[in-house]
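Next up, target-v9.cif (mmCIF, C-alpha atoms and all ligand atoms):
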data_final
loop_
_atom_site.label_atom_id
_atom_site.label_comp_id
_atom_site.auth_asym_id
_atom_site.auth_seq_id
_atom_site.Cartn_x
_atom_site.Cartn_y
_atom_site.Cartn_z
CA MET C 27 11.29 11.43 15.46
CA ALA C 28 9.68 10.18 12.27
CA ASN C 29 8.20 13.64 11.85
CA GLU C 30 11.65 15.16 11.30
CA ILE C 31 11.62 13.56 7.90
CA ARG C 32 7.92 14.32 7.33
CA ILE C 33 6.61 10.82 6.96
CA THR C 34 3.58 9.64 8.88
CA PRO C 35 0.58 7.66 7.63
CA TRP C 36 -1.00 10.99 6.70
CA GLU C 37 1.86 13.04 5.30
CA ALA C 38 4.96 12.15 3.30
CA GLU C 39 7.60 13.59 1.04
CA ALA C 40 8.26 11.50 -2.07
CA PHE C 41 12.01 11.81 -2.49
CA VAL C 42 12.63 10.93 1.10
CA ASP C 43 15.92 9.56 2.24
CA TYR C 44 14.81 5.95 2.34
CA ASP C 45 18.04 4.70 3.89
CA ARG C 46 17.58 7.11 6.73
CA LEU C 47 14.02 5.91 7.22
CA ILE C 48 15.35 2.40 7.71
CA LYS C 49 17.35 3.66 10.67
CA ILE C 50 14.63 5.91 12.09
CA PHE C 51 11.94 3.25 11.87
CA GLY C 52 14.24 0.41 12.94
CA VAL C 53 13.40 -1.81 9.95
CA LYS C 54 15.86 -3.94 7.98
CA PRO C 55 16.95 -3.35 4.39
CA LEU C 56 15.78 -6.07 2.04
CA THR C 57 18.91 -8.03 1.11
CA ASP C 58 19.69 -10.52 -1.65
CA SER C 59 19.23 -13.34 0.82
CA GLU C 60 15.56 -12.48 1.60
CA ILE C 61 14.93 -11.96 -2.09
CA ALA C 62 16.46 -15.38 -2.84
CA LEU C 63 14.29 -16.94 -0.12
CA LEU C 64 11.19 -15.36 -1.61
CA LYS C 65 12.21 -16.56 -5.05
CA ARG C 66 12.52 -20.11 -3.71
CA TYR C 67 8.78 -20.08 -2.97
CA THR C 68 7.55 -17.91 -5.85
CA ASN C 69 9.85 -19.15 -8.62
CA GLU C 70 9.87 -15.64 -10.01
CA ASP C 71 11.92 -12.53 -9.73
CA HIS C 72 9.55 -9.57 -9.31
CA MET C 73 10.60 -6.26 -10.82
CA MET C 74 9.60 -4.41 -7.62
CA LEU C 75 12.01 -6.58 -5.63
CA ARG C 76 14.86 -6.46 -8.14
CA ARG C 77 14.70 -2.69 -8.18
CA ARG C 78 14.13 -2.41 -4.44
CA VAL C 79 10.80 -0.66 -4.87
CA PHE C 80 10.01 -3.00 -1.99
CA TYR C 81 13.15 -2.33 -0.05
CA ALA C 82 12.76 -2.91 3.67
CA HIS C 83 11.18 -5.45 5.97
CA ARG C 84 10.68 -6.84 9.42
CA ASP C 85 10.84 -10.61 9.86
CA LEU C 86 10.16 -11.41 6.20
CA ASP C 87 12.63 -14.28 6.63
CA VAL C 88 10.78 -15.54 9.71
CA PHE C 89 7.47 -15.40 7.82
CA LEU C 90 8.90 -17.28 4.83
CA ASN C 91 10.50 -19.92 7.01
CA SER C 92 7.11 -20.51 8.69
CA TYR C 93 5.54 -20.72 5.26
CA GLY C 94 8.19 -23.27 4.24
CA LEU C 95 7.38 -25.35 7.32
CA GLY C 96 3.72 -25.45 6.30
CA ARG C 97 2.45 -23.20 9.11
CA ARG C 98 -0.65 -21.12 8.42
CA CYS C 99 0.36 -17.83 6.79
CA VAL C 100 -1.71 -14.95 5.41
CA LEU C 101 -1.28 -11.50 3.90
CA TYR C 102 -2.83 -8.28 5.20
CA THR C 103 -3.08 -4.88 3.55
CA GLY C 104 -5.62 -2.07 3.20
CA ARG C 105 -6.89 1.26 2.03
CA GLY C 106 -8.29 4.41 3.62
CA PRO C 107 -11.04 5.19 1.11
CA SER C 108 -10.80 8.97 1.00
CA GLY C 109 -11.64 9.20 -2.71
CA SER C 110 -10.84 7.42 -5.93
CA THR C 111 -7.89 5.04 -5.99
CA HIS C 112 -4.71 6.36 -7.63
CA LEU C 113 -1.71 4.62 -9.16
CA GLY C 114 0.30 4.96 -5.93
CA HIS C 115 -2.29 2.84 -4.08
CA LEU C 116 -2.22 0.23 -6.82
CA LEU C 117 1.54 -0.22 -6.50
CA PRO C 118 1.56 -2.26 -3.25
CA TRP C 119 -1.65 -4.05 -4.29
CA ILE C 120 -0.10 -5.26 -7.55
CA PHE C 121 2.75 -6.74 -5.55
CA THR C 122 0.37 -8.19 -2.95
CA LYS C 123 -1.62 -9.92 -5.67
CA TRP C 124 1.58 -11.43 -7.04
CA LEU C 125 2.42 -12.71 -3.55
CA GLN C 126 -1.08 -14.12 -3.12
CA ASP C 127 -0.92 -15.94 -6.48
CA LYS C 128 2.56 -17.30 -5.95
CA LEU C 129 2.20 -18.34 -2.30
CA GLY C 130 -1.45 -19.40 -2.62
CA ILE C 131 -2.43 -17.79 0.67
CA ASP C 132 -5.37 -15.73 1.94
CA LEU C 133 -5.38 -11.94 2.07
CA PHE C 134 -7.23 -9.79 4.61
CA PHE C 135 -7.93 -6.33 3.25
CA GLN C 136 -9.13 -3.50 5.50
CA MET C 137 -11.15 -0.55 4.20
CA THR C 138 -10.86 2.19 6.82
CA ASP C 139 -13.80 4.44 6.03
CA ASP C 140 -13.78 5.42 9.72
CA GLU C 141 -10.12 6.56 9.60
CA LYS C 142 -10.63 8.78 6.60
CA TYR C 143 -13.80 10.32 8.02
CA LEU C 144 -12.07 11.02 11.34
CA HIS C 145 -9.02 12.49 9.66
CA ALA C 146 -10.84 14.77 7.21
CA GLU C 147 -11.92 18.26 8.20
CA GLY C 148 -15.37 17.90 6.73
CA GLY C 149 -17.23 15.21 4.83
CA ASP C 150 -19.98 12.68 5.47
CA LEU C 151 -19.19 9.29 6.90
CA GLU C 152 -21.57 7.81 4.30
CA ASN C 153 -19.38 9.20 1.55
CA TYR C 154 -16.25 7.46 2.83
CA ASN C 155 -18.26 4.28 3.11
CA ARG C 156 -19.34 4.64 -0.53
CA TYR C 157 -15.69 5.04 -1.50
CA ALA C 158 -14.88 1.79 0.31
CA TYR C 159 -17.15 0.00 -2.17
CA ASP C 160 -15.85 2.05 -5.08
CA ASN C 161 -12.21 1.28 -4.20
CA MET C 162 -13.06 -2.42 -3.91
CA LEU C 163 -13.70 -2.36 -7.65
CA ASP C 164 -10.01 -1.57 -8.13
CA LEU C 165 -9.00 -4.48 -5.98
CA ILE C 166 -11.26 -6.81 -7.91
CA ALA C 167 -10.12 -5.34 -11.24
CA LEU C 168 -6.53 -6.24 -10.35
CA GLY C 169 -7.68 -9.85 -10.25
CA PHE C 170 -7.41 -10.81 -6.57
CA ASN C 171 -8.75 -14.32 -5.98
CA SER C 172 -12.25 -13.95 -4.45
CA SER C 173 -12.15 -17.14 -2.42
CA LYS C 174 -8.87 -16.08 -0.81
CA THR C 175 -9.47 -12.33 -0.38
CA HIS C 176 -11.51 -11.09 2.56
CA VAL C 177 -12.46 -7.42 2.78
CA ILE C 178 -13.32 -5.80 6.10
CA ILE C 179 -15.15 -2.47 5.94
CA ASP C 180 -14.61 -0.93 9.36
CA THR C 181 -17.97 0.77 9.87
CA GLU C 182 -19.86 -2.35 8.81
CA ASP C 183 -17.68 -5.21 10.01
CA ILE C 184 -16.55 -3.80 13.34
CA ARG C 185 -17.80 -6.86 15.21
CA TYR C 186 -14.88 -8.85 13.78
CA LEU C 187 -12.43 -6.34 15.18
CA TYR C 188 -13.89 -4.88 18.33
CA PRO C 189 -13.18 -7.69 20.82
CA ILE C 190 -9.54 -7.73 19.68
CA ALA C 191 -9.39 -3.92 19.58
CA VAL C 192 -10.48 -3.65 23.21
CA LYS C 193 -7.59 -5.87 24.29
CA ILE C 194 -5.13 -3.88 22.19
CA ALA C 195 -6.45 -0.55 23.48
CA LYS C 196 -5.80 -1.60 27.04
CA LYS C 197 -2.12 -2.13 26.19
CA ILE C 198 -1.48 1.28 24.58
CA THR C 199 -1.22 4.49 26.56
CA PHE C 200 -2.19 7.91 25.24
CA SER C 201 1.41 9.07 25.49
CA THR C 202 2.64 6.17 23.32
CA GLN C 203 -0.11 6.88 20.80
CA LYS C 204 0.79 10.59 20.74
CA ALA C 205 4.48 9.95 20.23
CA THR C 206 3.96 7.27 17.59
CA PHE C 207 1.48 9.14 15.41
CA GLY C 208 2.39 12.74 16.11
CA LEU C 209 -1.02 13.43 17.69
CA THR C 210 -1.71 16.59 19.68
CA GLU C 211 -4.07 17.65 22.47
CA SER C 212 -6.55 18.81 19.85
CA THR C 213 -6.64 15.53 17.91
CA ASN C 214 -10.16 14.11 18.06
CA VAL C 215 -10.51 11.00 20.20
CA GLY C 216 -11.59 8.95 17.19
CA MET C 217 -8.14 9.39 15.67
CA ILE C 218 -6.58 8.48 19.00
CA PHE C 219 -8.47 5.17 19.01
CA TYR C 220 -8.31 4.44 15.29
CA PRO C 221 -4.78 2.88 15.18
CA VAL C 222 -6.07 0.11 17.45
CA LEU C 223 -8.40 -1.00 14.64
CA GLN C 224 -5.65 -1.08 12.04
CA ILE C 225 -3.58 -3.22 14.40
CA ALA C 226 -6.55 -5.49 15.19
CA VAL C 227 -6.67 -6.89 11.64
CA ALA C 228 -3.10 -8.16 12.06
CA PHE C 229 -4.35 -10.37 14.91
CA LEU C 230 -7.74 -11.30 13.45
CA PRO C 231 -6.55 -14.30 11.37
CA THR C 232 -5.32 -16.11 14.50
CA GLU C 233 -8.83 -15.73 15.97
CA LEU C 234 -10.63 -16.68 12.76
CA TYR C 235 -8.63 -19.83 12.12
CA GLY C 236 -8.31 -20.73 15.80
CA GLU C 237 -4.56 -21.30 15.39
CA GLN C 238 -1.42 -19.17 15.46
CA THR C 239 -1.34 -17.50 12.05
CA GLU C 240 1.67 -15.67 10.65
CA VAL C 241 0.80 -12.40 8.94
CA LEU C 242 2.85 -10.53 6.31
CA ILE C 243 1.89 -6.93 5.57
CA PRO C 244 2.93 -5.53 2.18
CA ALA C 245 2.42 -1.73 2.18
CA ALA C 246 4.32 1.51 1.69
CA ILE C 247 6.63 2.51 4.51
CA ASP C 248 4.27 5.33 5.59
CA GLN C 249 2.17 2.72 7.44
CA ASP C 250 5.08 1.53 9.56
CA PRO C 251 4.10 3.23 12.86
CA TYR C 252 1.12 0.88 13.23
CA TRP C 253 3.28 -2.19 12.87
CA ARG C 254 5.85 -1.06 15.41
CA LEU C 255 3.11 -0.87 18.00
CA ALA C 256 1.50 -4.11 16.82
CA ARG C 257 4.77 -5.99 17.20
CA ASP C 258 5.39 -4.54 20.66
CA ILE C 259 2.11 -5.78 22.07
CA ALA C 260 1.54 -8.99 20.08
CA PRO C 261 3.37 -11.39 22.44
CA SER C 262 1.55 -10.13 25.52
CA LEU C 263 -1.79 -10.81 23.81
CA GLY C 264 -0.69 -14.24 22.56
CA TYR C 265 -0.45 -13.37 18.85
CA PRO C 266 2.54 -13.82 16.50
CA LYS C 267 4.33 -10.57 15.66
CA PRO C 268 3.19 -9.49 12.19
CA ALA C 269 5.95 -9.26 9.53
CA GLN C 270 6.20 -6.44 7.00
CA ILE C 271 7.58 -5.78 3.56
CA HIS C 272 7.75 -2.06 2.85
CA CYS C 273 7.73 -0.22 -0.46
CA LYS C 274 8.79 3.28 -1.39
CA LEU C 275 6.22 5.90 -2.32
CA LEU C 276 5.35 6.55 -5.93
CA PRO C 277 5.99 10.29 -6.37
CA GLY C 278 3.27 12.68 -7.44
CA LEU C 279 3.37 14.31 -10.85
CA ASP C 280 4.04 17.76 -9.38
CA VAL C 281 7.09 19.04 -7.51
CA GLY C 282 7.95 16.90 -4.46
CA GLY C 283 5.53 14.86 -2.39
CA LYS C 284 4.08 11.42 -2.88
CA MET C 285 1.20 10.75 -5.23
CA SER C 286 -1.58 11.69 -2.88
CA SER C 287 -5.36 11.98 -2.86
CA SER C 288 -5.00 15.28 -1.03
CA LYS C 289 -3.32 16.76 -4.16
CA PRO C 290 -5.54 15.71 -7.10
CA GLU C 291 -3.25 17.18 -9.77
CA SER C 292 -0.37 15.07 -8.47
CA ALA C 293 -2.30 11.86 -9.01
CA VAL C 294 -3.60 9.70 -11.82
CA TYR C 295 -6.82 8.11 -10.59
CA THR C 296 -8.17 4.82 -11.86
CA THR C 297 -11.41 6.67 -12.54
CA ASP C 298 -9.81 9.43 -14.65
CA ASP C 299 -10.87 9.56 -18.24
CA PRO C 300 -7.85 7.99 -20.05
CA GLU C 301 -7.54 11.21 -22.06
CA ILE C 302 -7.31 13.25 -18.83
CA ALA C 303 -4.78 10.78 -17.42
CA TYR C 304 -2.75 11.23 -20.60
CA ARG C 305 -2.79 15.00 -20.21
CA LYS C 306 -1.89 14.86 -16.52
CA VAL C 307 1.26 12.92 -17.38
CA LEU C 308 2.14 15.39 -20.15
CA ARG C 309 1.93 18.22 -17.61
CA ALA C 310 4.13 16.40 -15.07
CA TYR C 311 7.10 18.03 -13.43
CA THR C 312 10.37 16.39 -14.54
CA GLY C 313 14.03 16.28 -13.65
CA GLY C 314 14.83 17.97 -16.98
CA GLN C 315 16.35 21.33 -17.85
CA PRO C 316 14.21 24.43 -18.49
CA THR C 317 14.87 24.39 -22.27
CA ALA C 318 15.46 21.69 -24.91
CA GLU C 319 18.80 23.26 -25.72
CA LEU C 320 20.01 23.03 -22.12
CA GLN C 321 18.65 19.52 -21.83
CA ARG C 322 20.69 18.43 -24.87
CA LYS C 323 23.76 20.11 -23.43
CA LEU C 324 23.51 19.18 -19.73
CA GLY C 325 21.13 16.21 -19.63
CA GLY C 326 18.41 15.67 -17.02
CA ASN C 327 18.28 14.12 -13.57
CA PRO C 328 16.21 10.91 -13.60
CA ASN C 329 16.86 10.41 -9.89
CA LEU C 330 14.68 13.40 -9.09
CA CYS C 331 12.14 12.90 -11.86
CA PRO C 332 8.65 11.55 -11.08
CA VAL C 333 8.27 10.53 -14.72
CA PHE C 334 11.37 8.34 -14.60
CA LYS C 335 10.23 6.95 -11.22
CA MET C 336 6.92 5.92 -12.75
CA TYR C 337 8.75 3.92 -15.39
CA GLU C 338 11.05 2.44 -12.80
CA MET C 339 8.43 1.55 -10.20
CA MET C 340 5.51 0.46 -12.39
CA PHE C 341 5.56 1.04 -16.13
CA GLU C 342 8.80 -0.45 -17.52
CA ASP C 343 9.52 -4.03 -16.58
CA ASN C 344 12.39 -4.47 -19.02
CA ASP C 345 15.62 -3.71 -17.13
CA SER C 346 17.76 -2.93 -20.16
CA LYS C 347 15.16 -0.55 -21.60
CA LEU C 348 14.99 1.23 -18.26
CA THR C 349 18.77 1.56 -18.11
CA GLU C 350 18.80 2.88 -21.68
CA ARG C 351 16.20 5.49 -20.75
CA TYR C 352 18.22 6.49 -17.71
CA HIS C 353 21.36 7.12 -19.75
CA ALA C 354 19.44 8.81 -22.57
CA CYS C 355 18.08 11.26 -19.99
CA ARG C 356 21.45 11.82 -18.32
CA SER C 357 23.17 12.46 -21.62
CA GLY C 358 20.41 14.68 -23.00
CA THR C 359 19.63 12.44 -25.98
CA ILE C 360 15.98 12.15 -24.91
CA LEU C 361 13.91 15.23 -24.16
CA CYS C 362 11.25 15.35 -21.44
CA GLY C 363 8.39 15.80 -23.92
CA GLU C 364 9.14 12.51 -25.64
CA CYS C 365 9.70 10.66 -22.37
CA LYS C 366 6.39 11.98 -20.98
CA ARG C 367 4.47 11.12 -24.15
CA GLU C 368 5.60 7.50 -24.02
CA LEU C 369 4.64 7.25 -20.36
CA ALA C 370 1.31 9.00 -20.98
CA GLU C 371 0.46 6.38 -23.60
CA ARG C 372 1.26 3.52 -21.25
CA VAL C 373 -0.66 5.09 -18.38
CA ALA C 374 -3.72 5.85 -20.54
CA LYS C 375 -3.72 2.30 -21.93
CA PHE C 376 -3.45 0.84 -18.44
CA ILE C 377 -6.31 3.02 -17.15
CA LYS C 378 -8.51 2.16 -20.11
CA GLU C 379 -8.06 -1.59 -19.62
CA HIS C 380 -8.43 -1.29 -15.86
CA GLN C 381 -11.73 0.55 -16.27
CA VAL C 382 -13.18 -2.29 -18.35
CA LYS C 383 -12.25 -4.68 -15.52
CA ARG C 384 -13.70 -2.27 -12.94
CA MET C 385 -17.03 -2.35 -14.73
CA LYS C 386 -17.07 -6.14 -14.70
CA ALA C 387 -16.20 -6.07 -10.99
CA VAL C 388 -19.46 -4.38 -9.98
CA ASP C 389 -21.40 -7.60 -9.41
CA GLN C 390 -18.46 -9.42 -7.78
CA VAL C 391 -18.25 -7.32 -4.62
CA GLU C 392 -20.15 -9.66 -2.28
CA LYS C 393 -17.77 -12.52 -2.98
CA TYR C 394 -15.01 -10.54 -1.31
CA LEU C 395 -16.75 -9.33 1.83
CA ILE C 396 -15.61 -11.04 5.02
CA ARG C 397 -19.12 -10.92 6.49
CA TYR C 398 -20.34 -13.52 4.01
CA LYS C 399 -17.45 -15.88 4.66
CA PHE C 400 -16.41 -16.03 8.29
CA ASP C 401 -18.31 -16.22 11.57
CA VAL C 402 -17.39 -13.58 14.11
CA PRO C 403 -14.79 -15.49 16.16
CA LEU C 404 -15.04 -14.33 19.75
CA ILE C 405 -18.82 -14.07 19.83
CA ARG C 406 -19.05 -17.58 18.43
CA LYS C 407 -16.82 -18.90 21.22
CA ARG C 408 -18.97 -17.24 23.89
CA ARG C 409 -22.25 -18.77 22.65
P1 LIG C 501 -3.97 4.65 2.13
O1 LIG C 501 -5.34 4.62 1.61
O2 LIG C 501 -3.31 5.95 2.45
O3 LIG C 501 -3.02 3.86 1.15
C1 LIG C 501 -3.33 2.56 0.68
C2 LIG C 501 -2.02 1.81 0.42
O4 LIG C 501 -1.27 2.50 -0.56
C3 LIG C 501 0.00 2.87 -0.03
N1 LIG C 501 0.30 4.16 -0.63
C4 LIG C 501 1.26 4.30 -1.57
N2 LIG C 501 2.12 3.41 -2.08
C5 LIG C 501 3.00 3.86 -3.00
N3 LIG C 501 3.00 5.15 -3.44
C6 LIG C 501 2.15 6.07 -2.95
N4 LIG C 501 2.18 7.32 -3.40
C7 LIG C 501 1.21 5.66 -1.98
N5 LIG C 501 0.23 6.30 -1.27
C8 LIG C 501 -0.31 5.36 -0.48
C9 LIG C 501 -0.16 2.88 1.48
O5 LIG C 501 1.05 2.63 2.15
C10 LIG C 501 -1.13 1.72 1.65
O6 LIG C 501 -0.42 0.49 1.62
N6 LIG C 501 -4.39 3.52 7.02
C11 LIG C 501 -4.30 2.95 5.69
C12 LIG C 501 -5.35 1.88 5.40
C13 LIG C 501 -4.97 0.54 5.97
C14 LIG C 501 -3.82 -0.22 5.61
C15 LIG C 501 -3.88 -1.39 6.39
C16 LIG C 501 -2.79 0.00 4.69
C17 LIG C 501 -5.65 -0.17 6.89
N7 LIG C 501 -5.01 -1.35 7.17
C18 LIG C 501 -2.90 -2.36 6.26
C19 LIG C 501 -1.79 -0.96 4.58
C20 LIG C 501 -1.86 -2.14 5.36
C21 LIG C 501 -4.43 4.05 4.64
O7 LIG C 501 -5.01 5.07 4.86
O8 LIG C 501 -3.88 3.71 3.42
#

Full structure transcribed into structure tokens:
Amino acid sequence: MANEIRITPWEAEAFVDYDRLIKIFGVKPLTDSEIALLKRYTNEDHMMLRRRVFYAHRDLDVFLNSYGLGRRCVLYTGRGPSGSTHLGHLLPWIFTKWLQDKLGIDLFFQMTDDEKYLHAEGGDLENYNRYAYDNMLDLIALGFNSSKTHVIIDTEDIRYLYPIAVKIAKKITFSTQKATFGLTESTNVGMIFYPVLQIAVAFLPTELYGEQTEVLIPAAIDQDPYWRLARDIAPSLGYPKPAQIHCKLLPGLDVGGKMSSSKPESAVYTTDDPEIAYRKVLRAYTGGQPTAELQRKLGGNPNLCPVFKMYEMMFEDNDSKLTERYHACRSGTILCGECKRELAERVAKFIKEHQVKRMKAVDQVEKYLIRYKFDVPLIRKRR
């Protein structure tokens, strides 16, 4: 069913009908009451919540109530390191870092080098593994707390996951897996098994801490199929059902589609030369008219404009300035060139500063790796 609207973990339109996705995926819209609850614990109103960039959830209220009662709670998110990190990937991480800082809780972060190798047509496994380390620099550059952030690299840290994965695998049939992920008879068996590993991390904290641990997963809605399955099987394996908070997808700079590593021109990478990033934004598709004259006469359509979306979702935190920009576009008083130039400057500045932090991150990597921090839980119990 999810395929009707072309959104799976591996393929997604950008201007999807997000309200329809709520129905198809069976998630709940984020309401003022969950936002107020979150504000009670964070004392801050995050722009991505106010604007419903994060817009849907499952059991966020249950998670926050557990947090309020002092139960053990953690965050979980991840990355499939298929190449350099782009701004779309950073979006949920920026929010996750805010949650970590405000709630003071641990984060488990999975790097699925195996997933990306299995999914790609060609490529060396070693290369995806290298990207796992490269992409960690982005995580560190964003300022995640090293003592509270634990990175699992699948091909190297599988012993943390495998005993849990085996139990999960026994609960999921091939036909469920096929229907959930849109797999076919010619899908390789690695991809058939892989979802089990992404689910396993949601249950790992309970094993590591030796107590029921509530998990909240902040990620874009494209990852939802994993969590539906995880929640179905959690009770039968004795784990709490993981909660989710879902964001929308940052659009790519070209026509339609999310910002995606599979379309390099649609994406601004954190490794792009700031000058290149600047030029990519200047070349972006917009919701404007074909000529300046028509734009002045008819105005543009910010609702279908990736440039406006980038302001709205990441690069303009001042609400009144955003509203002004919206109306200036609608009424044709601002032309696309000017709007793109301003965004290009912000993006290039962000990338430049981020790259300085990335360089400093190089010798911090070990502090984040789970293997230097936790014993392998089930093996330890058996000894
Ligand atoms: P990946 O590498 O495709 O994406 C990493 C994270 O970025 C989100 N994302 C986006 N968010 C906003 N706009 C976009 N254009 C955009 N593109 C991607 C994804 O939703 C994700 O949160 N299978 C996963 C790796 C993974 C994971 C996880 C992700 C393993 N465990 C737990 C989230 C939570 C993947 O390939 O993500």

Find, counting only C-alpha atoms, the residue in C:Phe89, C:Asn344, C:Thr175, C:Val227 that gets nearest to Thr138 of chain C.
C:Val227

Return the padded bounding box of segment 357-373 of chain C as AutoDock Vina command-line options: axis-aligned, built from all atoms listed in the file, 4 Å added on each side, with centre and edge lengths in Å to one decimal.
--center_x 11.3 --center_y 9.7 --center_z -22.2 --size_x 31.8 --size_y 20.3 --size_z 15.6

Option closest in space to ligand LIG 501 (chain C), from C:Glu60, C:Asp343, C:Glu338, C:Asp248 [counting all atoms listed in the file]:
C:Asp248

Hey, what's within 12 Å of segment 317-328 of chain C if we count only C-alpha atoms and toss same-chain stuff fewer than 2 positions away? As JSON, numbers by chain, please?
{"C": [41, 311, 312, 313, 314, 315, 330, 331, 332, 333, 334, 335, 336, 337, 338, 348, 349, 350, 351, 352, 353, 354, 355, 356, 357, 358, 359, 360, 361, 362, 363, 364, 365]}

Would you mind exporting the chosen residues as a compact mmCIF listing (two decimals), keeping the file's coordinate frame, restricted to C-alpha atoms?
# COMPACT_ATOMS: atom_id res chain seq x y z
CA PHE C 41 12.01 11.81 -2.49
CA TYR C 311 7.10 18.03 -13.43
CA THR C 312 10.37 16.39 -14.54
CA GLY C 313 14.03 16.28 -13.65
CA GLY C 314 14.83 17.97 -16.98
CA GLN C 315 16.35 21.33 -17.85
CA LEU C 330 14.68 13.40 -9.09
CA CYS C 331 12.14 12.90 -11.86
CA PRO C 332 8.65 11.55 -11.08
CA VAL C 333 8.27 10.53 -14.72
CA PHE C 334 11.37 8.34 -14.60
CA LYS C 335 10.23 6.95 -11.22
CA MET C 336 6.92 5.92 -12.75
CA TYR C 337 8.75 3.92 -15.39
CA GLU C 338 11.05 2.44 -12.80
CA LEU C 348 14.99 1.23 -18.26
CA THR C 349 18.77 1.56 -18.11
CA GLU C 350 18.80 2.88 -21.68
CA ARG C 351 16.20 5.49 -20.75
CA TYR C 352 18.22 6.49 -17.71
CA HIS C 353 21.36 7.12 -19.75
CA ALA C 354 19.44 8.81 -22.57
CA CYS C 355 18.08 11.26 -19.99
CA ARG C 356 21.45 11.82 -18.32
CA SER C 357 23.17 12.46 -21.62
CA GLY C 358 20.41 14.68 -23.00
CA THR C 359 19.63 12.44 -25.98
CA ILE C 360 15.98 12.15 -24.91
CA LEU C 361 13.91 15.23 -24.16
CA CYS C 362 11.25 15.35 -21.44
CA GLY C 363 8.39 15.80 -23.92
CA GLU C 364 9.14 12.51 -25.64
CA CYS C 365 9.70 10.66 -22.37

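One distance worth recording is that between atom CA of Arg372 of chain C and atom CA of Asp127 of chain C, which is 24.5 Å.
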
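Closest approach to Gly149 of chain C among C:Lys347, C:Ser108, C:Thr103, C:Gln238: C:Ser108, based on all atoms listed in the file.
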
Please identify every polymer residue within 8 Å of ligand LIG 501 (chain C), using only C-alpha atoms and all ligand atoms, and present the set as a VMD selection string.
chain C and resid 35 to 36 40 102 to 108 113 to 119 135 to 138 141 to 142 224 to 225 227 243 to 249 273 to 278 284 to 286

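The space separating atom CA of Tyr220 of chain C from atom CA of Asp45 of chain C comes to 28.7 Å.
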
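Nearest to Gly96 of chain C of all the residues C:Thr297, C:Thr210, C:Gln381, C:Thr239 is C:Thr239, based on all atoms listed in the file.
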
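For the pair atom CA of Glu240 of chain C and atom CA of Asp71 of chain C, the interatomic distance is 23.0 Å.
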
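By chain and then residue number, the residues within 10 Å of segment 382-387 of chain C are Asp160, Asn161, Met162, Leu163, Asp164, Leu165, Ile166, Ala167, Leu168, Gly169, Thr296 and Thr297 of chain C, counting only C-alpha atoms and disregarding those fewer than 6 positions away in sequence.
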
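The residue set within 6 Å of Ala310 of chain C, counting all atoms listed in the file and dropping same-chain residues fewer than 2 places from it, reads Leu279, Asp280, Val307 and Leu308 of chain C.
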
Which neighbours of segment 398-400 of chain C fall inside 9 Å, counting all atoms listed in the file, when residues of the same chain fewer than 4 positions from it are skipped, and could you give them as an MDAnalysis selection string?
chainID C and resid 173 176 234 392:394

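Here the question is which of C:His145, C:Tyr81, C:Asn171, C:Ile61 gets nearest to Lys123 of chain C using all atoms listed in the file, and that residue is C:Asn171.
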
Given all atoms listed in the file as the basis, pick out the residue of C:His380, C:Arg84, C:Lys128, C:Arg397 nearest to His72 of chain C.
C:Lys128
